[in-house]
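What follows is the content of start_26.cif, which has mmCIF, C-alpha atoms:
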```cif
data_upload
#
loop_
_atom_site.group_PDB
_atom_site.id
_atom_site.type_symbol
_atom_site.label_atom_id
_atom_site.label_comp_id
_atom_site.auth_asym_id
_atom_site.auth_seq_id
_atom_site.Cartn_x
_atom_site.Cartn_y
_atom_site.Cartn_z
ATOM 1 C CA MET A 1 37.763 13.254 307.195
ATOM 2 C CA SER A 2 37.060 9.595 306.516
ATOM 3 C CA ALA A 3 37.317 6.989 309.242
ATOM 4 C CA PRO A 4 40.378 4.730 309.176
ATOM 5 C CA THR A 5 39.976 1.364 307.474
ATOM 6 C CA PRO A 6 39.336 -1.355 310.074
ATOM 7 C CA VAL A 7 42.128 -3.924 310.063
ATOM 8 C CA PRO A 8 42.961 -7.012 312.124
ATOM 9 C CA THR A 9 45.943 -7.191 314.459
ATOM 10 C CA GLU A 10 46.754 -10.917 314.416
ATOM 11 C CA LYS A 11 50.295 -11.367 313.142
ATOM 12 C CA GLY A 12 49.552 -14.412 310.986
ATOM 13 C CA ILE A 13 46.657 -12.840 309.119
ATOM 14 C CA LEU A 14 48.627 -9.645 308.538
ATOM 15 C CA GLN A 15 51.400 -11.746 307.012
ATOM 16 C CA PHE A 16 48.786 -13.449 304.837
ATOM 17 C CA LEU A 17 47.465 -10.091 303.642
ATOM 18 C CA ALA A 18 50.957 -8.889 302.808
ATOM 19 C CA ILE A 19 51.513 -11.946 300.615
ATOM 20 C CA CYS A 20 48.140 -11.450 298.925
ATOM 21 C CA ASP A 21 48.929 -7.801 298.222
ATOM 22 C CA ALA A 22 52.112 -8.855 296.435
ATOM 23 C CA PHE A 23 50.066 -11.007 294.034
ATOM 24 C CA TYR A 24 46.782 -9.146 293.723
ATOM 25 C CA PRO A 25 46.697 -5.336 293.374
ATOM 26 C CA PRO A 26 43.914 -3.391 295.156
ATOM 27 C CA ASP A 27 42.457 -2.250 291.818
ATOM 28 C CA ALA A 28 42.329 -5.784 290.401
ATOM 29 C CA ILE A 29 38.701 -5.496 289.329
ATOM 30 C CA GLU A 30 39.733 -2.822 286.830
ATOM 31 C CA ALA A 31 41.899 -5.348 284.987
ATOM 32 C CA SER A 32 40.696 -7.753 282.318
ATOM 33 C CA VAL A 33 39.087 -10.994 283.431
ATOM 34 C CA GLU A 34 42.019 -12.903 281.922
ATOM 35 C CA GLN A 35 44.459 -10.884 284.018
ATOM 36 C CA GLN A 36 42.356 -11.365 287.153
ATOM 37 C CA ARG A 37 42.405 -15.123 286.618
ATOM 38 C CA HIS A 38 46.162 -15.083 286.107
ATOM 39 C CA TRP A 39 46.680 -13.219 289.392
ATOM 40 C CA TYR A 40 44.256 -15.462 291.256
ATOM 41 C CA ASP A 41 45.829 -18.668 289.966
ATOM 42 C CA ALA A 42 49.281 -17.434 290.963
ATOM 43 C CA LEU A 43 48.046 -16.504 294.433
ATOM 44 C CA CYS A 44 46.395 -19.901 294.911
ATOM 45 C CA ALA A 45 49.585 -21.645 293.810
ATOM 46 C CA ARG A 46 51.527 -19.664 296.430
ATOM 47 C CA PHE A 47 49.358 -21.139 299.177
ATOM 48 C CA ASP A 48 49.220 -24.648 297.710
ATOM 49 C CA ARG A 49 49.900 -27.525 300.101
ATOM 50 C CA PRO A 50 50.778 -31.207 299.790
ATOM 51 C CA LEU A 51 47.694 -33.385 299.989
ATOM 52 C CA PRO A 52 47.031 -35.559 303.047
ATOM 53 C CA PRO A 53 48.748 -38.975 302.916
ATOM 54 C CA ASP A 54 47.084 -41.573 300.684
ATOM 55 C CA MET A 55 44.514 -39.109 299.335
ATOM 56 C CA ILE A 56 43.199 -40.263 295.954
ATOM 57 C CA PHE A 57 41.621 -37.842 293.512
ATOM 58 C CA ALA A 58 40.407 -38.088 289.945
ATOM 59 C CA ASP A 59 38.782 -35.749 287.465
ATOM 60 C CA GLY A 60 35.579 -36.661 285.693
ATOM 61 C CA MET A 61 32.302 -35.375 284.321
ATOM 62 C CA VAL A 62 28.735 -35.386 285.595
ATOM 63 C CA GLN A 63 26.632 -34.798 282.507
ATOM 64 C CA ARG A 64 28.467 -31.814 280.985
ATOM 65 C CA VAL A 65 29.945 -30.518 284.265
ATOM 66 C CA PRO A 66 33.629 -31.157 285.123
ATOM 67 C CA ILE A 67 34.206 -32.414 288.649
ATOM 68 C CA ARG A 68 37.025 -33.713 290.828
ATOM 69 C CA ARG A 69 36.438 -36.556 293.287
ATOM 70 C CA TYR A 70 38.521 -36.910 296.446
ATOM 71 C CA ARG A 71 38.698 -40.143 298.391
ATOM 72 C CA PRO A 72 40.634 -40.133 301.695
ATOM 73 C CA ARG A 73 42.483 -43.132 303.018
ATOM 74 C CA LYS A 74 39.845 -43.697 305.712
ATOM 75 C CA ILE A 75 36.152 -43.506 304.816
ATOM 76 C CA VAL A 76 33.801 -43.421 307.801
ATOM 77 C CA THR A 77 30.553 -42.410 306.068
ATOM 78 C CA ARG A 78 28.796 -42.919 302.744
ATOM 79 C CA THR A 79 27.596 -39.311 302.768
ATOM 80 C CA ILE A 80 29.117 -37.252 299.918
ATOM 81 C CA LEU A 81 30.531 -33.755 300.393
ATOM 82 C CA LEU A 82 29.748 -31.375 297.522
ATOM 83 C CA TYR A 83 32.080 -28.369 297.302
ATOM 84 C CA LEU A 84 31.440 -25.127 295.408
ATOM 85 C CA HIS A 85 34.544 -22.927 295.216
ATOM 86 C CA GLY A 86 34.739 -19.177 295.748
ATOM 87 C CA GLY A 87 36.098 -16.530 293.405
ATOM 88 C CA GLY A 88 33.291 -14.062 292.781
ATOM 89 C CA PHE A 89 31.833 -16.310 290.051
ATOM 90 C CA VAL A 90 34.668 -14.941 287.868
ATOM 91 C CA VAL A 91 37.837 -16.724 289.026
ATOM 92 C CA GLY A 92 38.567 -20.073 290.669
ATOM 93 C CA SER A 93 38.705 -23.670 289.514
ATOM 94 C CA LEU A 94 39.301 -27.223 290.622
ATOM 95 C CA GLU A 95 42.945 -26.279 291.138
ATOM 96 C CA SER A 96 42.323 -23.157 293.221
ATOM 97 C CA HIS A 97 40.707 -25.117 296.065
ATOM 98 C CA HIS A 98 42.507 -28.425 295.542
ATOM 99 C CA ALA A 99 44.266 -28.716 298.917
ATOM 100 C CA ILE A 100 41.323 -27.205 300.801
ATOM 101 C CA CYS A 101 38.960 -29.849 299.426
ATOM 102 C CA ALA A 102 41.429 -32.658 300.122
ATOM 103 C CA GLU A 103 41.936 -31.566 303.736
ATOM 104 C CA ILE A 104 38.189 -31.304 304.392
ATOM 105 C CA ALA A 105 37.595 -34.759 302.890
ATOM 106 C CA ASP A 106 40.435 -36.234 304.946
ATOM 107 C CA PHE A 107 39.196 -34.711 308.221
ATOM 108 C CA ALA A 108 35.592 -35.784 307.639
ATOM 109 C CA GLY A 109 36.476 -39.257 306.389
ATOM 110 C CA ALA A 110 34.163 -38.749 303.437
ATOM 111 C CA GLU A 111 34.344 -38.640 299.671
ATOM 112 C CA LEU A 112 34.204 -35.088 298.327
ATOM 113 C CA VAL A 113 33.097 -33.881 294.892
ATOM 114 C CA SER A 114 34.344 -30.457 293.770
ATOM 115 C CA VAL A 115 32.398 -28.725 290.974
ATOM 116 C CA ASP A 116 34.132 -26.819 288.172
ATOM 117 C CA TYR A 117 31.079 -24.696 287.370
ATOM 118 C CA ARG A 118 31.020 -22.224 284.479
ATOM 119 C CA LEU A 119 32.317 -18.717 285.184
ATOM 120 C CA ALA A 120 31.120 -15.209 284.364
ATOM 121 C CA PRO A 121 31.222 -13.169 282.220
ATOM 122 C CA GLU A 122 31.386 -15.923 279.598
ATOM 123 C CA TYR A 123 28.427 -17.560 281.334
ATOM 124 C CA ARG A 124 25.948 -15.452 283.280
ATOM 125 C CA TRP A 125 23.578 -16.526 286.027
ATOM 126 C CA PRO A 126 22.062 -19.125 286.416
ATOM 127 C CA ALA A 127 24.758 -21.203 284.669
ATOM 128 C CA GLN A 128 26.770 -21.540 287.899
ATOM 129 C CA SER A 129 23.785 -22.687 289.947
ATOM 130 C CA ASP A 130 22.572 -24.970 287.176
ATOM 131 C CA ASP A 131 25.953 -26.730 287.035
ATOM 132 C CA GLY A 132 25.984 -27.286 290.775
ATOM 133 C CA PHE A 133 22.377 -28.462 290.759
ATOM 134 C CA ALA A 134 23.073 -30.950 287.970
ATOM 135 C CA VAL A 135 25.787 -32.551 290.082
ATOM 136 C CA LEU A 136 23.673 -32.447 293.240
ATOM 137 C CA LYS A 137 20.709 -34.133 291.535
ATOM 138 C CA HIS A 138 23.022 -36.800 290.120
ATOM 139 C CA LEU A 139 24.348 -37.620 293.588
ATOM 140 C CA LEU A 140 20.912 -37.619 295.177
ATOM 141 C CA SER A 141 19.439 -39.774 292.410
ATOM 142 C CA ALA A 142 22.110 -42.373 293.181
ATOM 143 C CA GLY A 143 20.811 -42.534 296.736
ATOM 144 C CA SER A 144 23.631 -40.557 298.332
ATOM 145 C CA LYS A 145 23.195 -38.178 301.217
ATOM 146 C CA VAL A 146 24.969 -34.890 300.555
ATOM 147 C CA VAL A 147 26.526 -32.101 302.600
ATOM 148 C CA LEU A 148 26.716 -28.829 300.649
ATOM 149 C CA ILE A 149 29.853 -26.733 301.231
ATOM 150 C CA GLY A 150 30.907 -23.438 299.702
ATOM 151 C CA ASP A 151 33.071 -20.404 300.371
ATOM 152 C CA SER A 152 32.222 -16.839 299.307
ATOM 153 C CA ALA A 153 30.551 -17.107 295.875
ATOM 154 C CA GLY A 154 30.495 -20.860 296.470
ATOM 155 C CA GLY A 155 28.646 -20.225 299.734
ATOM 156 C CA ASN A 156 26.042 -18.378 297.713
ATOM 157 C CA LEU A 157 25.752 -21.346 295.357
ATOM 158 C CA ALA A 158 25.565 -23.880 298.192
ATOM 159 C CA ALA A 159 22.784 -21.949 299.934
ATOM 160 C CA GLY A 160 20.950 -21.603 296.625
ATOM 161 C CA LEU A 161 21.256 -25.334 295.947
ATOM 162 C CA ALA A 162 19.744 -26.098 299.350
ATOM 163 C CA LEU A 163 16.781 -23.891 298.427
ATOM 164 C CA ARG A 164 16.448 -25.483 294.982
ATOM 165 C CA ALA A 165 16.494 -28.971 296.478
ATOM 166 C CA ARG A 166 13.840 -27.978 299.013
ATOM 167 C CA ASN A 167 11.664 -26.354 296.357
ATOM 168 C CA GLU A 168 11.820 -29.472 294.174
ATOM 169 C CA GLU A 169 11.222 -31.724 297.203
ATOM 170 C CA LEU A 170 14.498 -33.587 296.760
ATOM 171 C CA SER A 171 15.535 -35.497 299.857
ATOM 172 C CA GLY A 172 19.063 -36.282 300.966
ATOM 173 C CA VAL A 173 20.711 -32.906 301.609
ATOM 174 C CA VAL A 174 21.719 -33.351 305.245
ATOM 175 C CA GLY A 175 23.664 -30.151 305.888
ATOM 176 C CA GLN A 176 25.002 -26.920 304.460
ATOM 177 C CA VAL A 177 28.328 -25.375 305.437
ATOM 178 C CA LEU A 178 28.589 -21.746 304.324
ATOM 179 C CA ILE A 179 31.987 -20.061 304.638
ATOM 180 C CA TYR A 180 31.887 -16.232 304.475
ATOM 181 C CA PRO A 181 28.997 -16.544 302.003
ATOM 182 C CA ALA A 182 27.643 -13.836 299.701
ATOM 183 C CA LEU A 183 23.888 -14.014 300.169
ATOM 184 C CA GLY A 184 22.526 -10.857 298.575
ATOM 185 C CA GLY A 185 22.533 -8.366 301.444
ATOM 186 C CA ASP A 186 21.950 -4.610 301.211
ATOM 187 C CA LEU A 187 25.099 -2.962 299.836
ATOM 188 C CA ALA A 188 24.220 0.316 301.565
ATOM 189 C CA ALA A 189 23.859 -1.030 305.107
ATOM 190 C CA GLY A 190 25.668 -2.803 307.925
ATOM 191 C CA SER A 191 29.004 -4.443 307.208
ATOM 192 C CA TYR A 192 28.861 -3.327 303.572
ATOM 193 C CA VAL A 193 29.303 0.210 304.930
ATOM 194 C CA GLU A 194 31.394 -0.532 308.033
ATOM 195 C CA MET A 195 33.810 -2.780 306.136
ATOM 196 C CA ALA A 196 33.534 -1.111 302.726
ATOM 197 C CA ALA A 197 37.326 -0.803 302.466
ATOM 198 C CA ALA A 198 38.247 -3.985 304.334
ATOM 199 C CA PRO A 199 41.487 -5.729 303.345
ATOM 200 C CA GLY A 200 41.012 -8.666 301.000
ATOM 201 C CA LEU A 201 37.540 -7.734 299.729
ATOM 202 C CA THR A 202 35.786 -4.369 299.441
ATOM 203 C CA THR A 203 32.172 -3.467 298.891
ATOM 204 C CA ALA A 204 33.205 -2.159 295.471
ATOM 205 C CA ASP A 205 34.504 -5.647 294.677
ATOM 206 C CA VAL A 206 31.185 -7.185 295.720
ATOM 207 C CA THR A 207 29.330 -4.695 293.527
ATOM 208 C CA TYR A 208 31.568 -5.595 290.584
ATOM 209 C CA TYR A 209 30.956 -9.322 290.998
ATOM 210 C CA ARG A 210 27.192 -8.846 291.268
ATOM 211 C CA THR A 211 27.182 -6.706 288.156
ATOM 212 C CA ILE A 212 29.218 -9.143 286.085
ATOM 213 C CA LEU A 213 27.066 -12.118 287.144
ATOM 214 C CA GLN A 214 23.814 -10.372 286.127
ATOM 215 C CA ALA A 215 21.587 -12.378 288.453
ATOM 216 C CA PRO A 216 18.041 -11.014 288.800
ATOM 217 C CA ASP A 217 17.185 -8.957 291.873
ATOM 218 C CA ASN A 218 15.106 -10.548 294.610
ATOM 219 C CA ASN A 219 15.562 -14.064 293.266
ATOM 220 C CA GLU A 220 15.878 -16.382 296.250
ATOM 221 C CA ILE A 221 18.316 -18.739 294.541
ATOM 222 C CA ALA A 222 20.635 -15.901 293.540
ATOM 223 C CA GLU A 223 20.070 -13.976 296.799
ATOM 224 C CA PRO A 224 19.079 -16.447 299.535
ATOM 225 C CA LEU A 225 18.487 -13.621 302.025
ATOM 226 C CA GLN A 226 15.521 -12.633 299.839
ATOM 227 C CA ALA A 227 13.790 -16.009 300.275
ATOM 228 C CA PRO A 228 10.274 -15.501 301.702
ATOM 229 C CA SER A 229 10.699 -18.615 303.837
ATOM 230 C CA LEU A 230 13.628 -20.745 304.910
ATOM 231 C CA ALA A 231 11.433 -23.469 306.373
ATOM 232 C CA GLY A 232 12.375 -26.988 305.434
ATOM 233 C CA LEU A 233 16.053 -26.291 304.792
ATOM 234 C CA PRO A 234 18.781 -28.625 306.087
ATOM 235 C CA PRO A 235 20.780 -27.752 309.210
ATOM 236 C CA ALA A 236 23.520 -25.213 308.663
ATOM 237 C CA PHE A 237 26.931 -24.117 309.870
ATOM 238 C CA ILE A 238 27.807 -20.555 308.919
ATOM 239 C CA THR A 239 31.125 -18.847 309.539
ATOM 240 C CA VAL A 240 32.010 -15.250 308.721
ATOM 241 C CA ALA A 241 35.026 -12.965 309.015
ATOM 242 C CA HIS A 242 34.717 -9.832 311.119
ATOM 243 C CA PHE A 243 36.736 -7.731 308.670
ATOM 244 C CA ASP A 244 34.603 -8.526 305.646
ATOM 245 C CA PRO A 245 31.792 -6.618 303.926
ATOM 246 C CA LEU A 246 29.974 -9.960 303.537
ATOM 247 C CA ARG A 247 29.934 -10.480 307.317
ATOM 248 C CA ASP A 248 26.337 -9.441 307.918
ATOM 249 C CA ASP A 249 25.028 -11.656 305.103
ATOM 250 C CA GLY A 250 26.052 -14.685 307.137
ATOM 251 C CA ARG A 251 24.879 -13.150 310.414
ATOM 252 C CA GLN A 252 21.450 -12.343 309.046
ATOM 253 C CA TYR A 253 21.013 -15.702 307.324
ATOM 254 C CA ALA A 254 21.927 -17.574 310.495
ATOM 255 C CA ALA A 255 19.444 -15.484 312.486
ATOM 256 C CA ARG A 256 16.682 -16.124 309.961
ATOM 257 C CA LEU A 257 17.348 -19.861 309.913
ATOM 258 C CA ALA A 258 17.220 -19.987 313.701
ATOM 259 C CA ALA A 259 14.008 -17.936 313.776
ATOM 260 C CA GLU A 260 12.382 -20.426 311.408
ATOM 261 C CA GLY A 261 13.379 -23.396 313.523
ATOM 262 C CA ILE A 262 16.315 -24.642 311.437
ATOM 263 C CA GLU A 263 19.287 -26.044 313.338
ATOM 264 C CA VAL A 264 22.135 -23.588 312.792
ATOM 265 C CA SER A 265 25.579 -22.979 314.269
ATOM 266 C CA PHE A 266 27.205 -19.598 313.700
ATOM 267 C CA ARG A 267 30.796 -18.425 314.125
ATOM 268 C CA GLU A 268 32.310 -15.017 313.587
ATOM 269 C CA GLU A 269 36.086 -15.089 313.361
ATOM 270 C CA PRO A 270 37.129 -11.891 315.192
ATOM 271 C CA GLN A 271 40.537 -11.443 313.538
ATOM 272 C CA MET A 272 39.778 -12.840 310.111
ATOM 273 C CA VAL A 273 39.394 -11.257 306.686
ATOM 274 C CA HIS A 274 37.684 -12.557 303.574
ATOM 275 C CA ALA A 275 39.354 -15.638 302.057
ATOM 276 C CA TRP A 276 40.981 -16.652 305.343
ATOM 277 C CA LEU A 277 40.719 -20.334 304.339
ATOM 278 C CA ARG A 278 44.026 -19.872 302.507
ATOM 279 C CA ALA A 279 45.677 -18.689 305.723
ATOM 280 C CA ARG A 280 44.790 -21.858 307.637
ATOM 281 C CA HIS A 281 48.432 -22.984 307.888
ATOM 282 C CA MET A 282 49.904 -19.602 308.871
ATOM 283 C CA SER A 283 47.285 -17.900 311.076
ATOM 284 C CA ASP A 284 46.096 -19.171 314.449
ATOM 285 C CA GLY A 285 42.634 -17.705 313.879
ATOM 286 C CA ALA A 286 42.348 -19.248 310.431
ATOM 287 C CA LYS A 287 43.576 -22.592 311.758
ATOM 288 C CA ASP A 288 40.882 -22.578 314.452
ATOM 289 C CA GLY A 289 38.233 -21.453 311.986
ATOM 290 C CA PHE A 290 39.148 -24.161 309.486
ATOM 291 C CA ARG A 291 39.013 -26.839 312.158
ATOM 292 C CA ALA A 292 35.514 -25.637 313.090
ATOM 293 C CA VAL A 293 34.497 -25.908 309.427
ATOM 294 C CA CYS A 294 35.888 -29.432 309.200
ATOM 295 C CA GLU A 295 34.189 -30.477 312.429
ATOM 296 C CA ALA A 296 30.861 -29.144 311.172
ATOM 297 C CA VAL A 297 31.243 -31.029 307.896
ATOM 298 C CA ARG A 298 32.083 -34.244 309.752
ATOM 299 C CA HIS A 299 29.108 -33.739 312.100
ATOM 300 C CA PHE A 300 26.643 -33.412 309.229
ATOM 301 C CA ALA A 301 28.236 -36.258 307.269
ATOM 302 C CA THR A 302 28.190 -38.748 310.133
ATOM 303 C CA ALA A 303 25.006 -37.746 311.986
#
```
Before anything else, please render the file you have as structure tokens.
Amino acid sequence: MSAPTPVPTEKGILQFLAICDAFYPPDAIEASVEQQRHWYDALCARFDRPLPPDMIFADGMVQRVPIRRYRPRKIVTRTILLYLHGGGFVVGSLESHHAICAEIADFAGAELVSVDYRLAPEYRWPAQSDDGFAVLKHLLSAGSKVVLIGDSAGGNLAAGLALRARNEELSGVVGQVLIYPALGGDLAAGSYVEMAAAPGLTTADVTYYRTILQAPDNNEIAEPLQAPSLAGLPPAFITVAHFDPLRDDGRQYAARLAAEGIEVSFREEPQMVHAWLRARHMSDGAKDGFRAVCEAVRHFATA
């Protein structure tokens, strides 16, 4: 007899999950990529929000990479926020995280650049990292300080970009904010087993996304947990959801950063599931977690 699937009890997050289930079937990964993107776009639109007052945004290009720049009404720092969206490297876009990016920029009082990196399976690894790195190098070459931010697959990319910048001795990355990141943990251990059937994201889903990306094993940029050393990385804020197979990736990365003397703050949201950012206006836990993310971003951007 199998153990029951662990689930949260917070009313707001349960309501969020019910809405998600109405848009995104549990066997979504068996559908075509086109269908997955259609479902994801519809779900994101359901949780769309008006932008903060006087927020200005504009689309553009950095080299060949599409971006969207957000400029809040009050700028308090010249540091740039660089956002890499989630979506398993398969779904997601500038639109999917539009309000999230605007709200972070507004809270931090900083300009934010969102990257529309290439998606799998049309483009396999390292296209996604290369797109993000092209934008990061452009910002750093202009003399900007940068805070890297990413959720889920975007958290993987943000952590990888911090490693790439360190390895190439690029200065100016002043922080990394990783939101329920996928960092290459062992699929047969820890939260990947305990939360294998968690609501919102399963271990089977993670396996699917890894397979479709085709990143090499034990590559530190693709799997930051495999990095031999984390010395020299910028300070980090890492937040994870308790009911998430990716939970221990963030836990372990935070512990390794701390052990190597890197400033790191770690939060585990006890009632949250994967993708709780979208529940920030309907769940008390998600609201608190999002405020912590925004405060961390502002801390790094204004330090």
Notebook entry, point to check: Taking all atoms listed in the file into account, which of A:Leu112, A:Val240, A:Ile100, A:Val7 comes nearest Ile56 of chain A?
Noted result: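 Of the candidates, the smallest distance to Ile56 of chain A is held by A:Leu112.
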Item checked: Shell around Ala222 of chain A at 9 Å using only C-alpha atoms, local window under 2 positions removed, as a PyMOL selection string -> chain A and resi 125-126+129+156-157+160+183-184+215-220+224+226
Item checked: Top pick for closest residue to Ile29 of chain A, considering A:Ala182, A:Val264, A:Val273, A:Val90 and counting all atoms listed in the file ->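 Under the stated criterion, the closest residue is A:Val90.
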Checklist line | Which of A:Phe243, A:Phe89, A:Tyr208, A:Tyr253 sits closest to Ser191 of chain A [using all atoms listed in the file] | finding: A:Phe243
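Using the PyMOL selection byres ((chain A and resi 230) around 10) on the file at hand returns these residues: Ala162, Leu163, Arg166, Glu220, Pro224, Leu225, Gln226, Ala227, Pro228, Ser229, Ala231, Gly232, Leu233, Pro234, Tyr253, Arg256, Leu257, Ala258, Ala259, Glu260, Gly261 and Ile262 of chain A.
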Next item on the list: Record the distance separating atom CA of Glu168 of chain A and atom CA of Ala134 of chain A, expressed in Å with one decimal.
Entry: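 Separation of atom CA of Glu168 of chain A and atom CA of Ala134 of chain A: 12.9 Å.
Using only C-alpha atoms for every distance, the candidate list A:Tyr40, A:Tyr180, A:Trp276, A:Phe237 yields A:Tyr180 as the residue closest to Gly250 of chain A.
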Next item on the list: Have a look at A:Gln36, A:His138, A:Ala120, A:Gln128 and name the one nearest to Met61 of chain A; count only C-alpha atoms.
Entry: A:His138
Check: Residues picked by the PyMOL selection byres ((chain A and resi 18-21) around 10) here, as a PyMOL selection string?
Finding: chain A and resi 12-17+22-26+39-40+43-44+46-47+199-200
Checklist line | Best match for closeness to Gln176 of chain A among A:Pro245, A:Gly285, A:Gly88, A:Gly155, counting all atoms listed in the file | finding: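 Of all the options, A:Gly155 lies closest to Gln176 of chain A.
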Notebook entry, point to check: Near Ala198 of chain A, within 12 Å and counting all atoms listed in the file, which residues show up once chain neighbours fewer than 5 positions away are dropped, as an NGL selection string?
Noted result: :A and (4-8 or 17 or 26 or 191-193 or 203-206 or 241-247 or 272-275)
Item checked: the PyMOL selection byres ((chain A and resi 51) around 6) applied to the shown file, residues as a list in words -> Pro50, Pro52 and Ala99 of chain A
Note to self: So the first atom is atom CA of Val174 of chain A and the second is atom CA of Phe300 of chain A; what is the distance between them in Å, to one decimal place?
What the structure shows: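 Result for atom CA of Val174 of chain A versus atom CA of Phe300 of chain A: 6.3 Å, one decimal.
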Check: Distance atom CA of Leu81 of chain A-atom CA of Asp116 of chain A, one decimal place?
Finding: 14.5 Å
Got a moment to write segment 10-16 of chain A out with all heavy atoms, as a PDB file, in the first residue's frame?
```
ATOM      1  N   GLU A  10      -3.167  24.867   3.851  1.00  0.00           N
ATOM      2  CA  GLU A  10      -3.557  26.272   3.788  1.00  0.00           C
ATOM      3  C   GLU A  10      -4.655  26.482   2.736  1.00  0.00           C
ATOM      4  O   GLU A  10      -4.517  26.048   1.585  1.00  0.00           O
ATOM      5  CB  GLU A  10      -2.344  27.151   3.461  1.00  0.00           C
ATOM      6  CG  GLU A  10      -2.616  28.642   3.666  1.00  0.00           C
ATOM      7  CD  GLU A  10      -1.923  29.533   2.652  1.00  0.00           C
ATOM      8  OE1 GLU A  10      -2.523  29.788   1.593  1.00  0.00           O
ATOM      9  OE2 GLU A  10      -0.787  29.958   2.923  1.00  0.00           O
ATOM     10  N   LYS A  11      -5.696  27.157   3.137  1.00  0.00           N
ATOM     11  CA  LYS A  11      -6.868  27.318   2.270  1.00  0.00           C
ATOM     12  C   LYS A  11      -6.513  28.016   0.951  1.00  0.00           C
ATOM     13  O   LYS A  11      -6.958  27.601  -0.130  1.00  0.00           O
ATOM     14  CB  LYS A  11      -7.945  28.112   3.008  1.00  0.00           C
ATOM     15  CG  LYS A  11      -9.233  28.298   2.220  1.00  0.00           C
ATOM     16  CD  LYS A  11     -10.276  29.056   3.046  1.00  0.00           C
ATOM     17  CE  LYS A  11     -11.561  29.264   2.244  1.00  0.00           C
ATOM     18  NZ  LYS A  11     -12.575  30.022   3.042  1.00  0.00           N
ATOM     19  N   GLY A  12      -5.722  29.064   1.015  1.00  0.00           N
ATOM     20  CA  GLY A  12      -5.398  29.826  -0.185  1.00  0.00           C
ATOM     21  C   GLY A  12      -4.631  29.018  -1.203  1.00  0.00           C
ATOM     22  O   GLY A  12      -4.885  29.101  -2.410  1.00  0.00           O
ATOM     23  N   ILE A  13      -3.678  28.203  -0.732  1.00  0.00           N
ATOM     24  CA  ILE A  13      -2.876  27.433  -1.684  1.00  0.00           C
ATOM     25  C   ILE A  13      -3.686  26.268  -2.243  1.00  0.00           C
ATOM     26  O   ILE A  13      -3.478  25.853  -3.397  1.00  0.00           O
ATOM     27  CB  ILE A  13      -1.551  26.964  -1.038  1.00  0.00           C
ATOM     28  CG1 ILE A  13      -0.471  26.768  -2.116  1.00  0.00           C
ATOM     29  CG2 ILE A  13      -1.720  25.719  -0.224  1.00  0.00           C
ATOM     30  CD1 ILE A  13      -0.022  28.034  -2.797  1.00  0.00           C
ATOM     31  N   LEU A  14      -4.619  25.747  -1.469  1.00  0.00           N
ATOM     32  CA  LEU A  14      -5.494  24.699  -1.995  1.00  0.00           C
ATOM     33  C   LEU A  14      -6.410  25.262  -3.081  1.00  0.00           C
ATOM     34  O   LEU A  14      -6.682  24.595  -4.090  1.00  0.00           O
ATOM     35  CB  LEU A  14      -6.312  24.085  -0.859  1.00  0.00           C
ATOM     36  CG  LEU A  14      -5.516  23.241   0.148  1.00  0.00           C
ATOM     37  CD1 LEU A  14      -6.413  22.793   1.296  1.00  0.00           C
ATOM     38  CD2 LEU A  14      -4.874  22.035  -0.531  1.00  0.00           C
ATOM     39  N   GLN A  15      -6.870  26.484  -2.885  1.00  0.00           N
ATOM     40  CA  GLN A  15      -7.679  27.142  -3.915  1.00  0.00           C
ATOM     41  C   GLN A  15      -6.838  27.360  -5.181  1.00  0.00           C
ATOM     42  O   GLN A  15      -7.313  27.138  -6.304  1.00  0.00           O
ATOM     43  CB  GLN A  15      -8.199  28.479  -3.395  1.00  0.00           C
ATOM     44  CG  GLN A  15      -9.075  29.235  -4.390  1.00  0.00           C
ATOM     45  CD  GLN A  15      -9.478  30.614  -3.876  1.00  0.00           C
ATOM     46  OE1 GLN A  15      -9.093  31.020  -2.780  1.00  0.00           O
ATOM     47  NE2 GLN A  15     -10.234  31.338  -4.682  1.00  0.00           N
ATOM     48  N   PHE A  16      -5.607  27.760  -5.003  1.00  0.00           N
ATOM     49  CA  PHE A  16      -4.687  27.940  -6.123  1.00  0.00           C
ATOM     50  C   PHE A  16      -4.512  26.630  -6.904  1.00  0.00           C
ATOM     51  O   PHE A  16      -4.580  26.609  -8.140  1.00  0.00           O
ATOM     52  CB  PHE A  16      -3.335  28.430  -5.591  1.00  0.00           C
ATOM     53  CG  PHE A  16      -2.203  28.384  -6.569  1.00  0.00           C
ATOM     54  CD1 PHE A  16      -2.127  29.285  -7.618  1.00  0.00           C
ATOM     55  CD2 PHE A  16      -1.186  27.436  -6.433  1.00  0.00           C
ATOM     56  CE1 PHE A  16      -1.066  29.245  -8.524  1.00  0.00           C
ATOM     57  CE2 PHE A  16      -0.133  27.387  -7.335  1.00  0.00           C
ATOM     58  CZ  PHE A  16      -0.077  28.293  -8.377  1.00  0.00           C
TER      59      PHE A  16
END
```
